[in-house]
>>> print(open('my_file-v1.cif').read())   # mmCIF, C-alpha atoms and all ligand atoms
data_upload
loop_
_atom_site.label_atom_id
_atom_site.label_comp_id
_atom_site.auth_asym_id
_atom_site.auth_seq_id
_atom_site.Cartn_x
_atom_site.Cartn_y
_atom_site.Cartn_z
CA MET A 897 28.40 9.05 -8.06
CA LEU A 898 24.81 7.92 -8.44
CA ASP A 899 23.82 5.65 -11.32
CA GLU A 900 20.60 6.44 -13.14
CA PRO A 901 17.85 3.85 -12.46
CA GLY A 902 17.41 0.95 -14.86
CA LYS A 903 20.53 -1.05 -13.93
CA ILE A 904 18.74 -3.53 -11.65
CA CYS A 905 15.63 -4.11 -13.74
CA SER A 906 14.22 -2.04 -16.55
CA GLU A 907 12.69 1.28 -15.48
CA ASP A 908 9.25 0.48 -16.87
CA THR A 909 9.01 -2.78 -14.90
CA CYS A 910 10.48 -1.52 -11.57
CA VAL A 911 7.77 -1.58 -8.88
CA GLY A 912 9.81 0.54 -6.43
CA CYS A 913 9.65 -2.12 -3.71
CA GLY A 914 13.21 -1.57 -2.48
CA ALA A 915 14.12 -5.27 -2.12
CA CYS A 916 17.38 -4.40 -3.90
CA ALA A 917 18.13 -1.55 -1.48
CA ALA A 918 17.28 -3.62 1.59
CA GLY A 919 19.43 -6.54 0.45
CA CYS A 920 22.51 -4.68 -0.81
CA PRO A 921 25.49 -5.87 1.31
CA GLN A 922 27.23 -2.50 0.78
CA GLY A 923 24.14 -0.44 1.60
CA CYS A 924 24.86 1.47 -1.59
CA ILE A 925 21.35 1.61 -3.08
CA THR A 926 19.06 4.56 -2.26
CA MET A 927 15.36 4.73 -3.14
CA LYS A 928 14.82 8.19 -4.60
CA GLU A 929 11.92 9.93 -6.33
CA ASP A 930 12.21 10.45 -10.08
CA SER A 931 10.88 13.62 -11.75
CA GLU A 932 7.30 12.27 -11.69
CA GLY A 933 7.56 11.39 -7.98
CA PHE A 934 7.92 7.60 -8.21
CA LEU A 935 10.56 5.78 -6.15
CA PHE A 936 13.44 4.13 -8.03
CA PRO A 937 16.71 2.55 -6.85
CA TYR A 938 19.85 4.61 -7.48
CA ILE A 939 23.23 2.89 -7.05
CA HIS A 940 26.19 4.70 -5.44
CA THR A 941 28.72 3.46 -7.96
CA ASP A 942 31.80 4.26 -5.83
CA ALA A 943 30.68 1.76 -3.16
CA CYS A 944 29.15 -0.90 -5.46
CA ILE A 945 31.13 -4.18 -5.56
CA HIS A 946 29.13 -5.53 -8.54
CA CYS A 947 28.04 -8.67 -6.67
CA GLY A 948 24.73 -8.73 -8.59
CA LEU A 949 22.63 -9.49 -5.50
CA CYS A 950 20.33 -6.53 -6.23
CA SER A 951 19.35 -8.01 -9.60
CA ARG A 952 18.83 -11.45 -8.08
CA LEU A 953 16.60 -10.04 -5.30
CA CYS A 954 14.47 -8.00 -7.70
CA PRO A 955 11.03 -9.69 -7.98
CA GLN A 956 10.69 -8.33 -11.51
CA ASN A 957 13.64 -10.45 -12.64
CA GLN A 958 11.92 -13.64 -11.45
CA ALA A 959 9.01 -15.77 -12.63
CA VAL A 960 5.69 -15.10 -10.84
CA GLN A 961 4.39 -18.02 -8.82
CA LYS A 962 0.62 -17.76 -8.49
CA GLN A 963 -1.94 -20.14 -7.09
CA LYS A 964 -5.66 -20.69 -7.64
CA SER A 965 -8.04 -18.76 -5.37
CA THR A 966 -11.23 -19.60 -3.56
CA PHE A 967 -13.65 -16.67 -3.32
CA TYR A 968 -15.67 -15.61 -0.28
CA MET A 969 -17.92 -12.64 0.37
CA SER A 970 -17.44 -11.52 3.95
CA TRP A 971 -17.48 -8.54 6.29
CA HIS A 972 -16.42 -7.78 9.84
CA LYS A 973 -19.01 -8.48 12.53
CA ASP A 974 -18.00 -5.41 14.56
CA ASP A 975 -19.86 -2.43 13.05
CA ALA A 976 -17.30 0.09 14.33
CA ILE A 977 -14.42 -1.72 12.59
CA LEU A 978 -16.50 -2.19 9.44
CA MET A 979 -17.12 1.55 9.26
CA GLU A 980 -13.43 2.35 9.87
CA SER A 981 -12.29 0.02 7.05
CA SER A 982 -12.13 0.75 3.34
CA SER A 983 -14.19 -2.25 2.44
CA GLY A 984 -15.44 -5.21 4.48
CA GLY A 985 -12.78 -5.08 7.21
CA VAL A 986 -11.42 -8.54 6.36
CA PHE A 987 -7.92 -7.19 6.85
CA THR A 988 -8.62 -6.45 10.53
CA ALA A 989 -10.15 -9.89 11.09
CA VAL A 990 -7.08 -11.68 9.69
CA ALA A 991 -4.70 -9.28 11.47
CA ASP A 992 -6.41 -9.87 14.83
CA TRP A 993 -6.12 -13.65 14.33
CA VAL A 994 -2.34 -13.20 13.94
CA LEU A 995 -2.01 -10.77 16.88
CA LYS A 996 -3.84 -13.21 19.17
CA ARG A 997 -1.07 -15.72 18.41
CA ASN A 998 1.58 -13.21 19.56
CA GLY A 999 2.35 -12.39 15.96
CA ILE A 1000 3.02 -9.04 14.31
CA VAL A 1001 1.28 -7.30 11.41
CA VAL A 1002 3.04 -5.32 8.70
CA GLY A 1003 1.13 -2.85 6.53
CA ALA A 1004 0.86 0.65 5.12
CA ALA A 1005 0.54 3.49 7.64
CA PHE A 1006 0.16 7.21 7.03
CA ASP A 1007 2.35 9.90 8.58
CA ARG A 1008 0.07 12.93 8.95
CA GLU A 1009 3.04 15.33 9.39
CA THR A 1010 4.99 14.39 6.26
CA ARG A 1011 2.07 12.85 4.32
CA GLU A 1012 4.37 9.90 3.62
CA VAL A 1013 2.89 6.38 3.39
CA TYR A 1014 5.29 3.77 4.71
CA HIS A 1015 5.19 0.13 5.82
CA THR A 1016 5.37 -0.36 9.54
CA ILE A 1017 4.97 -3.06 12.19
CA VAL A 1018 1.94 -3.24 14.49
CA GLU A 1019 1.97 -5.43 17.60
CA SER A 1020 -1.45 -4.84 19.14
CA SER A 1021 -5.08 -4.71 18.09
CA GLN A 1022 -5.32 -1.08 19.29
CA GLN A 1023 -2.59 -0.04 16.83
CA LEU A 1024 -4.32 -1.67 13.84
CA SER A 1025 -6.21 1.54 13.04
CA ARG A 1026 -2.86 2.86 11.72
CA LEU A 1027 -2.99 0.27 8.93
CA ARG A 1028 -6.71 0.37 8.21
CA LEU A 1029 -8.02 2.36 5.24
CA SER A 1030 -6.64 2.48 1.71
CA LYS A 1031 -4.05 5.15 1.08
CA TYR A 1032 -4.13 5.49 -2.66
CA TYR A 1033 -0.46 6.12 -3.28
CA GLN A 1034 2.66 4.06 -2.99
CA SER A 1035 3.92 2.99 0.41
CA ARG A 1036 7.67 2.89 1.14
CA THR A 1037 8.69 -0.68 2.02
CA SER A 1038 12.48 -1.04 1.80
CA GLN A 1039 13.20 -0.02 5.42
CA ILE A 1040 10.88 -2.65 6.94
CA LEU A 1041 12.08 -5.73 5.02
CA PRO A 1042 15.09 -6.52 7.29
CA ASP A 1043 12.84 -6.32 10.41
CA VAL A 1044 10.47 -8.87 8.87
CA LYS A 1045 13.38 -11.23 8.22
CA THR A 1046 14.57 -10.88 11.81
CA ALA A 1047 11.06 -11.61 13.18
CA ILE A 1048 10.67 -14.74 11.06
CA LYS A 1049 14.11 -15.99 12.09
CA LYS A 1050 12.96 -15.60 15.71
CA GLU A 1051 9.88 -17.70 14.86
CA THR A 1052 7.43 -14.84 15.30
CA LEU A 1053 4.30 -15.16 13.17
CA VAL A 1054 4.21 -12.30 10.63
CA LEU A 1055 1.27 -11.10 8.57
CA PHE A 1056 2.75 -9.03 5.72
CA SER A 1057 0.13 -6.96 3.89
CA GLY A 1058 0.34 -4.65 0.89
CA THR A 1059 -0.02 -4.67 -2.86
CA ALA A 1060 0.78 -7.91 -4.71
CA CYS A 1061 4.09 -6.51 -5.98
CA GLN A 1062 5.06 -5.73 -2.37
CA ILE A 1063 4.24 -9.34 -1.44
CA ALA A 1064 6.47 -10.48 -4.32
CA ALA A 1065 9.19 -8.24 -2.90
CA ILE A 1066 9.11 -9.64 0.64
CA LYS A 1067 9.09 -13.20 -0.72
CA SER A 1068 12.03 -12.50 -2.97
CA TYR A 1069 13.93 -10.68 -0.22
CA LEU A 1070 13.37 -13.56 2.25
CA GLY A 1071 14.47 -16.25 -0.20
CA PRO A 1072 14.00 -19.75 1.30
CA LEU A 1073 12.60 -18.15 4.50
CA ALA A 1074 9.54 -17.12 2.48
CA ASN A 1075 8.36 -20.74 2.75
CA SER A 1076 8.43 -20.50 6.54
CA GLU A 1077 5.25 -21.36 8.43
CA TYR A 1078 5.81 -18.03 10.24
CA LEU A 1079 4.98 -15.92 7.17
CA LEU A 1080 1.40 -15.15 6.11
CA THR A 1081 0.77 -12.80 3.20
CA PHE A 1082 -2.25 -10.59 2.52
CA ASP A 1083 -2.59 -8.44 -0.57
CA ILE A 1084 -5.23 -5.91 -1.48
CA LEU A 1085 -6.64 -6.06 -4.96
CA CYS A 1086 -4.91 -3.15 -6.68
CA HIS A 1087 -5.48 -1.56 -10.06
CA GLY A 1088 -2.33 0.52 -9.68
CA THR A 1089 -0.60 3.00 -7.48
CA ALA A 1090 0.02 6.73 -7.66
CA ASN A 1091 2.58 8.84 -5.78
CA LYS A 1092 2.80 11.48 -3.07
CA LYS A 1093 3.72 14.25 -5.53
CA THR A 1094 0.37 13.81 -7.32
CA VAL A 1095 -1.51 13.82 -4.01
CA GLU A 1096 0.29 17.01 -2.93
CA ALA A 1097 -0.62 18.69 -6.24
CA TYR A 1098 -4.27 17.65 -5.78
CA LEU A 1099 -4.36 18.99 -2.19
CA HIS A 1100 -2.75 22.26 -3.26
CA ASP A 1101 -5.37 22.64 -5.97
CA ARG A 1102 -8.20 22.02 -3.48
CA GLU A 1103 -6.70 24.61 -1.09
CA ARG A 1104 -6.76 27.17 -3.90
CA GLN A 1105 -10.37 26.23 -4.68
CA TYR A 1106 -11.58 26.55 -1.08
CA HIS A 1107 -9.16 29.32 0.03
CA LYS A 1108 -8.38 27.28 3.16
CA THR A 1109 -5.49 25.17 4.41
CA ILE A 1110 -6.02 21.40 4.42
CA THR A 1111 -4.91 19.87 7.70
CA ASP A 1112 -5.90 16.25 7.03
CA PHE A 1113 -7.68 14.02 4.52
CA ARG A 1114 -9.14 10.52 4.11
CA PHE A 1115 -9.38 8.76 0.76
CA ARG A 1116 -12.44 6.74 1.65
CA ILE A 1117 -15.09 7.47 4.16
CA LYS A 1118 -18.26 5.59 4.91
CA GLU A 1119 -20.57 8.11 6.45
CA GLY A 1120 -23.62 6.26 7.70
CA HIS A 1121 -24.48 2.78 6.48
CA ASP A 1122 -25.99 4.09 3.24
CA GLY A 1123 -22.74 4.45 1.33
CA TRP A 1124 -21.56 0.98 2.30
CA GLN A 1125 -24.81 -0.87 1.66
CA LEU A 1126 -25.67 0.91 -1.58
CA GLY A 1127 -22.17 0.44 -2.89
CA SER A 1128 -21.88 4.03 -4.02
CA GLY A 1129 -20.31 5.69 -1.05
CA THR A 1130 -16.59 6.07 -1.76
CA ARG A 1131 -15.83 9.67 -0.91
CA MET A 1132 -12.74 11.76 -0.36
CA LYS A 1133 -12.91 13.86 2.79
CA LEU A 1134 -10.83 16.97 3.36
CA PHE A 1135 -10.40 18.62 6.77
CA PHE A 1136 -9.57 22.36 6.92
CA ASP A 1137 -7.76 24.53 9.46
CA ASP A 1138 -10.97 26.40 10.35
CA GLY A 1139 -12.50 23.15 11.69
CA THR A 1140 -14.74 22.56 8.67
CA SER A 1141 -14.61 19.57 6.29
CA GLN A 1142 -15.72 18.73 2.80
CA ALA A 1143 -16.63 15.32 1.32
CA GLN A 1144 -16.76 14.73 -2.41
CA ASN A 1145 -17.96 11.62 -4.22
CA LYS A 1146 -15.63 9.65 -6.48
CA TYR A 1147 -17.29 10.84 -9.69
CA LEU A 1148 -16.59 14.51 -8.92
CA ASP A 1149 -13.39 14.43 -6.91
CA THR A 1150 -10.48 15.14 -9.27
CA TYR A 1151 -8.07 12.76 -7.52
CA PHE A 1152 -10.51 9.85 -7.77
CA VAL A 1153 -11.47 10.69 -11.35
CA GLY A 1154 -7.77 10.56 -12.32
CA PHE A 1155 -6.92 7.55 -10.15
CA ASN A 1156 -9.88 5.44 -11.25
CA SER A 1157 -9.27 6.37 -14.91
CA ASN A 1158 -5.66 5.13 -14.53
CA ILE A 1159 -4.24 8.47 -15.65
CA PHE A 1160 -1.32 8.86 -13.23
CA LEU A 1161 -0.31 5.34 -12.16
CA ARG A 1162 3.22 4.01 -11.94
CA GLU A 1163 4.39 2.72 -15.34
CA CYS A 1164 4.74 -0.92 -14.16
CA CYS A 1165 1.06 -0.93 -13.08
CA TYR A 1166 -0.09 -0.72 -16.71
CA HIS A 1167 1.42 -4.18 -17.30
CA CYS A 1168 1.18 -5.70 -13.82
CA ARG A 1169 2.28 -9.34 -13.65
CA TYR A 1170 0.45 -10.05 -10.38
CA CYS A 1171 -3.16 -9.26 -11.29
CA GLY A 1172 -5.79 -11.83 -12.22
CA GLN A 1173 -7.75 -14.53 -10.39
CA GLU A 1174 -4.64 -16.54 -9.58
CA ARG A 1175 -2.78 -14.80 -6.74
CA ILE A 1176 0.63 -14.86 -5.09
CA SER A 1177 -0.60 -14.27 -1.50
CA ASP A 1178 -2.34 -16.41 1.10
CA PHE A 1179 -5.21 -13.86 1.19
CA THR A 1180 -6.41 -11.16 -1.20
CA ALA A 1181 -9.05 -8.60 -0.17
CA ALA A 1182 -11.10 -6.68 -2.70
CA ASP A 1183 -13.92 -4.19 -2.68
CA PHE A 1184 -17.41 -5.57 -2.49
CA TRP A 1185 -19.44 -2.52 -1.61
CA GLY A 1186 -23.16 -3.00 -1.99
CA GLY A 1187 -22.87 -6.79 -1.82
C1 LIG B 1 -3.42 1.62 -4.23
C2 LIG B 1 -4.67 0.78 -4.02
C3 LIG B 1 -5.45 0.41 -5.11
C4 LIG B 1 -6.62 -0.37 -4.93
N1 LIG B 1 -7.36 -0.74 -6.01
C5 LIG B 1 -8.43 -1.55 -5.83
C6 LIG B 1 -9.20 -2.01 -6.95
O1 LIG B 1 -8.92 -1.64 -8.10
N2 LIG B 1 -10.23 -2.88 -6.73
C7 LIG B 1 -10.55 -3.32 -5.47
O2 LIG B 1 -11.49 -4.12 -5.33
N3 LIG B 1 -9.85 -2.89 -4.40
C8 LIG B 1 -8.81 -2.03 -4.54
N4 LIG B 1 -8.09 -1.62 -3.45
C9 LIG B 1 -8.31 -2.31 -2.13
C10 LIG B 1 -9.50 -1.80 -1.35
O3 LIG B 1 -9.49 -0.38 -1.34
C11 LIG B 1 -9.47 -2.27 0.11
O4 LIG B 1 -8.30 -1.80 0.73
C12 LIG B 1 -9.43 -3.76 0.30
O5 LIG B 1 -10.59 -4.29 -0.26
C13 LIG B 1 -9.29 -4.15 1.79
O6 LIG B 1 -10.33 -3.67 2.52
P1 LIG B 1 -10.46 -3.95 4.10
O7 LIG B 1 -11.72 -3.24 4.51
O8 LIG B 1 -10.33 -5.40 4.42
O9 LIG B 1 -9.13 -3.33 4.72
P2 LIG B 1 -8.68 -1.89 5.17
O10 LIG B 1 -8.52 -1.94 6.65
O11 LIG B 1 -9.44 -0.77 4.66
O12 LIG B 1 -7.27 -1.82 4.44
C14 LIG B 1 -6.07 -1.97 5.09
C15 LIG B 1 -5.11 -2.76 4.24
O13 LIG B 1 -4.73 -2.00 3.09
C16 LIG B 1 -3.31 -1.92 3.06
N5 LIG B 1 -2.97 -0.66 2.40
C17 LIG B 1 -3.56 0.53 2.56
N6 LIG B 1 -2.96 1.45 1.79
C18 LIG B 1 -1.95 0.81 1.15
C19 LIG B 1 -0.94 1.24 0.24
N7 LIG B 1 -0.82 2.50 -0.18
N8 LIG B 1 -0.06 0.31 -0.20
C20 LIG B 1 -0.13 -0.98 0.21
N9 LIG B 1 -1.06 -1.44 1.07
C21 LIG B 1 -1.96 -0.53 1.52
C22 LIG B 1 -2.86 -2.01 4.51
O14 LIG B 1 -1.53 -2.43 4.61
C23 LIG B 1 -3.84 -3.06 5.01
O15 LIG B 1 -3.40 -4.35 4.63
C24 LIG B 1 -6.96 -0.80 -3.61
C25 LIG B 1 -6.18 -0.40 -2.51
C26 LIG B 1 -5.05 0.39 -2.71
C27 LIG B 1 -4.23 0.81 -1.50
#
>>> encode(input="my_file-v1.cif", output="structure tokens")
Amino acid sequence: MLDEPGKICSEDTCVGCGACAAGCPQGCITMKEDSEGFLFPYIHTDACIHCGLCSRLCPQNQAVQKQKSTFYMSWHKDDAILMESSSGGVFTAVADWVLKRNGIVVGAAFDRETREVYHTIVESSQQLSRLRLSKYYQSRTSQILPDVKTAIKKETLVLFSGTACQIAAIKSYLGPLANSEYLLTFDILCHGTANKKTVEAYLHDRERQYHKTITDFRFRIKEGHDGWQLGSGTRMKLFFDDGTSQAQNKYLDTYFVGFNSNIFLRECCYHCRYCGQERISDFTAADFWGG
């Protein structure tokens, strides 16, 4: 028997981080999509021993510990990396610093076959391209949390990146280990997250419009330096099976219009506890196009 969501924290505050699922000693919590396409924890009641650990691990059941920030405007010195990044490429600079110290980097990667976004571990600079670029829908994190704990226990330096609620999740999941000198956290400024179901519906709609099959897409492209330097260049790019592509600016592209107008975000994002100038991570990167 599967319990409906809402037992661990209330449904409208659940961020879908999966700390509860990763920490359950019985392995009896599954992250499943609800009817809108957002991930929620479902408890297999037959196996549950009612230990309450899931509720204690949930970051939404805990106070938020933020600290004051210092602000810098910066961009990557390597033009190629700058152009491959969503914004100034600060993520790659910090990630490379960690990799040079034999550390590992955790962040959101995109599976082009399944169109799933999921958190994964990268161990070399060459693999960092998997984590670069914003994927504007929620990444699955629960499966990676135990691997992060293992790495920190082995005294491997870890850079954990993601949205602020995902940083709250790893800290909560790690407990006292979160204070380890081997954990560095990096969040991206986030106004909210959507889901794969919405992206699929958008892509389907575009296929009907163009009468072609979409083979790949990028949420943000910087084509030429103009878009980056003028600050106006965010564009969605679609690649079709006949080898052609189509780029659309954020004011005309229906996904961006909806996403930037906060129409189809996860419920918890409308009352996010982690936003603001005080942050919960060691680093926060934000857009500064046209700076
Ligand atoms: C859902 C979402 C909403 C955002 N909203 C805003 C906003 O309102 N204002 C603003 O200034 N910036 C926003 N950003 C951040 C911005 O787009 C840039 O990603 C950020 O400034 C970092 O740029 P970069 O060039 O250093 O890194 P890049 O190399 O472009 O970004 C890579 C980093 O983004 C992380 N990442 C990518 N996709 C996801 C995802 N789906 N979930 C979690 N982490 C992800 C990777 O793990 C990695 O840490 C948002 C990003 C996302 C994913």
>>> residues_near_point(input="my_file-v1.cif", point="(2.8, -8.7, 1.7)", cutoff="8 Å", atoms="only C-alpha atoms", output="ChimeraX atom specification")
/A:1002-1003,1055-1060,1062-1066,1080-1083,1177
>>> write_last_selection(input="my_file-v1.cif", atoms="C-alpha atoms", output="short mmCIF file (atom, residue, chain, number, x, y, z; two decimals), keeping the file's coordinate frame")
data_model
loop_
_atom_site.label_atom_id
_atom_site.label_comp_id
_atom_site.auth_asym_id
_atom_site.auth_seq_id
_atom_site.Cartn_x
_atom_site.Cartn_y
_atom_site.Cartn_z
CA VAL A 1002 3.04 -5.32 8.70
CA GLY A 1003 1.13 -2.85 6.53
CA LEU A 1055 1.27 -11.10 8.57
CA PHE A 1056 2.75 -9.03 5.72
CA SER A 1057 0.13 -6.96 3.89
CA GLY A 1058 0.34 -4.65 0.89
CA THR A 1059 -0.02 -4.67 -2.86
CA ALA A 1060 0.78 -7.91 -4.71
CA GLN A 1062 5.06 -5.73 -2.37
CA ILE A 1063 4.24 -9.34 -1.44
CA ALA A 1064 6.47 -10.48 -4.32
CA ALA A 1065 9.19 -8.24 -2.90
CA ILE A 1066 9.11 -9.64 0.64
CA LEU A 1080 1.40 -15.15 6.11
CA THR A 1081 0.77 -12.80 3.20
CA PHE A 1082 -2.25 -10.59 2.52
CA ASP A 1083 -2.59 -8.44 -0.57
CA SER A 1177 -0.60 -14.27 -1.50
#
>>> atom_distance(input="my_file-v1.cif", atom1="atom O15 of ligand LIG 1 (chain B)", atom2="atom CA of A:Ile925")
26.6 Å
>>> residues_around(input="my_file-v1.cif", residues="A:Asp1007", least_positions_apart="6", cutoff="10 Å", atoms="all atoms listed in the file", output="PDB file with C-alpha atoms, in the frame of the given file")
ATOM      1  CA  VAL A1013       2.890   6.380   3.390  1.00  0.00           C
ATOM      2  CA  TYR A1014       5.290   3.770   4.710  1.00  0.00           C
ATOM      3  CA  ARG A1026      -2.860   2.860  11.720  1.00  0.00           C
TER       4      ARG A1026
END
>>> residues_around(input="my_file-v1.cif", residues="A:Cys905", least_positions_apart="4", cutoff="9 Å", atoms="only C-alpha atoms", output="number ranges by chain")
A: 901, 909-910, 951, 954, 956-957
>>> write_last_selection(input="my_file-v1.cif", atoms="C-alpha atoms", output="PDB file, in the coordinates of the input")
ATOM      1  CA  PRO A 901      17.850   3.850 -12.460  1.00  0.00           C
ATOM      2  CA  THR A 909       9.010  -2.780 -14.900  1.00  0.00           C
ATOM      3  CA  CYS A 910      10.480  -1.520 -11.570  1.00  0.00           C
ATOM      4  CA  SER A 951      19.350  -8.010  -9.600  1.00  0.00           C
ATOM      5  CA  CYS A 954      14.470  -8.000  -7.700  1.00  0.00           C
ATOM      6  CA  GLN A 956      10.690  -8.330 -11.510  1.00  0.00           C
ATOM      7  CA  ASN A 957      13.640 -10.450 -12.640  1.00  0.00           C
TER       8      ASN A 957
END
>>> residues_around(input="my_file-v1.cif", residues="A:Glu907", least_positions_apart="3", cutoff="10 Å", atoms="only C-alpha atoms", output="list in words")
Glu900, Pro901, Gly902, Lys903, Ile904, Cys910, Val911, Gly912, Phe936, Pro937, Glu1163 and Cys1164 of chain A
>>> build_atoms(input="my_file-v1.cif", residues="stretch 999-1023 of chain A", atoms="N, CA and C atoms", output="compact mmCIF listing (two decimals), keeping the file's coordinate frame")
# COMPACT_ATOMS: atom_id res chain seq x y z
N GLY A 999 1.67 -12.74 17.20
CA GLY A 999 2.35 -12.39 15.96
C GLY A 999 2.41 -10.87 15.78
N ILE A 1000 2.97 -10.46 14.65
CA ILE A 1000 3.02 -9.04 14.31
C ILE A 1000 2.40 -8.84 12.93
N VAL A 1001 1.94 -7.60 12.68
CA VAL A 1001 1.28 -7.30 11.41
C VAL A 1001 2.03 -6.16 10.73
N VAL A 1002 2.32 -6.34 9.46
CA VAL A 1002 3.04 -5.32 8.70
C VAL A 1002 2.11 -4.76 7.63
N GLY A 1003 2.01 -3.45 7.55
CA GLY A 1003 1.13 -2.85 6.53
C GLY A 1003 1.42 -1.37 6.36
N ALA A 1004 0.62 -0.74 5.50
CA ALA A 1004 0.86 0.65 5.12
C ALA A 1004 0.20 1.62 6.11
N ALA A 1005 1.04 2.47 6.70
CA ALA A 1005 0.54 3.49 7.64
C ALA A 1005 0.77 4.87 7.01
N PHE A 1006 0.10 5.86 7.58
CA PHE A 1006 0.16 7.21 7.03
C PHE A 1006 0.77 8.14 8.07
N ASP A 1007 1.77 8.91 7.68
CA ASP A 1007 2.35 9.90 8.58
C ASP A 1007 1.68 11.25 8.28
N ARG A 1008 0.86 11.72 9.21
CA ARG A 1008 0.07 12.93 8.95
C ARG A 1008 0.94 14.19 8.83
N GLU A 1009 2.14 14.17 9.47
CA GLU A 1009 3.04 15.33 9.39
C GLU A 1009 3.65 15.45 8.00
N THR A 1010 4.24 14.34 7.53
CA THR A 1010 4.99 14.39 6.26
C THR A 1010 4.14 13.96 5.07
N ARG A 1011 2.95 13.40 5.35
CA ARG A 1011 2.07 12.85 4.32
C ARG A 1011 2.74 11.71 3.55
N GLU A 1012 3.68 11.05 4.21
CA GLU A 1012 4.37 9.90 3.62
C GLU A 1012 3.58 8.64 3.99
N VAL A 1013 3.46 7.69 3.06
CA VAL A 1013 2.89 6.38 3.39
C VAL A 1013 4.06 5.40 3.46
N TYR A 1014 4.14 4.66 4.53
CA TYR A 1014 5.29 3.77 4.71
C TYR A 1014 4.85 2.50 5.42
N HIS A 1015 5.52 1.39 5.15
CA HIS A 1015 5.19 0.13 5.82
C HIS A 1015 5.76 0.12 7.23
N THR A 1016 4.94 -0.33 8.15
CA THR A 1016 5.37 -0.36 9.54
C THR A 1016 4.84 -1.62 10.23
N ILE A 1017 5.36 -1.86 11.44
CA ILE A 1017 4.97 -3.06 12.19
C ILE A 1017 3.99 -2.67 13.29
N VAL A 1018 2.93 -3.45 13.44
CA VAL A 1018 1.94 -3.24 14.49
C VAL A 1018 1.90 -4.49 15.36
N GLU A 1019 1.89 -4.28 16.68
CA GLU A 1019 1.97 -5.43 17.60
C GLU A 1019 0.74 -5.59 18.46
N SER A 1020 -0.24 -4.70 18.33
CA SER A 1020 -1.45 -4.84 19.14
C SER A 1020 -2.68 -4.44 18.33
N SER A 1021 -3.81 -4.97 18.76
CA SER A 1021 -5.08 -4.71 18.09
C SER A 1021 -5.40 -3.21 18.08
N GLN A 1022 -5.03 -2.52 19.18
CA GLN A 1022 -5.32 -1.08 19.29
C GLN A 1022 -4.58 -0.29 18.20
N GLN A 1023 -3.40 -0.78 17.83
CA GLN A 1023 -2.59 -0.04 16.83
C GLN A 1023 -3.03 -0.32 15.39
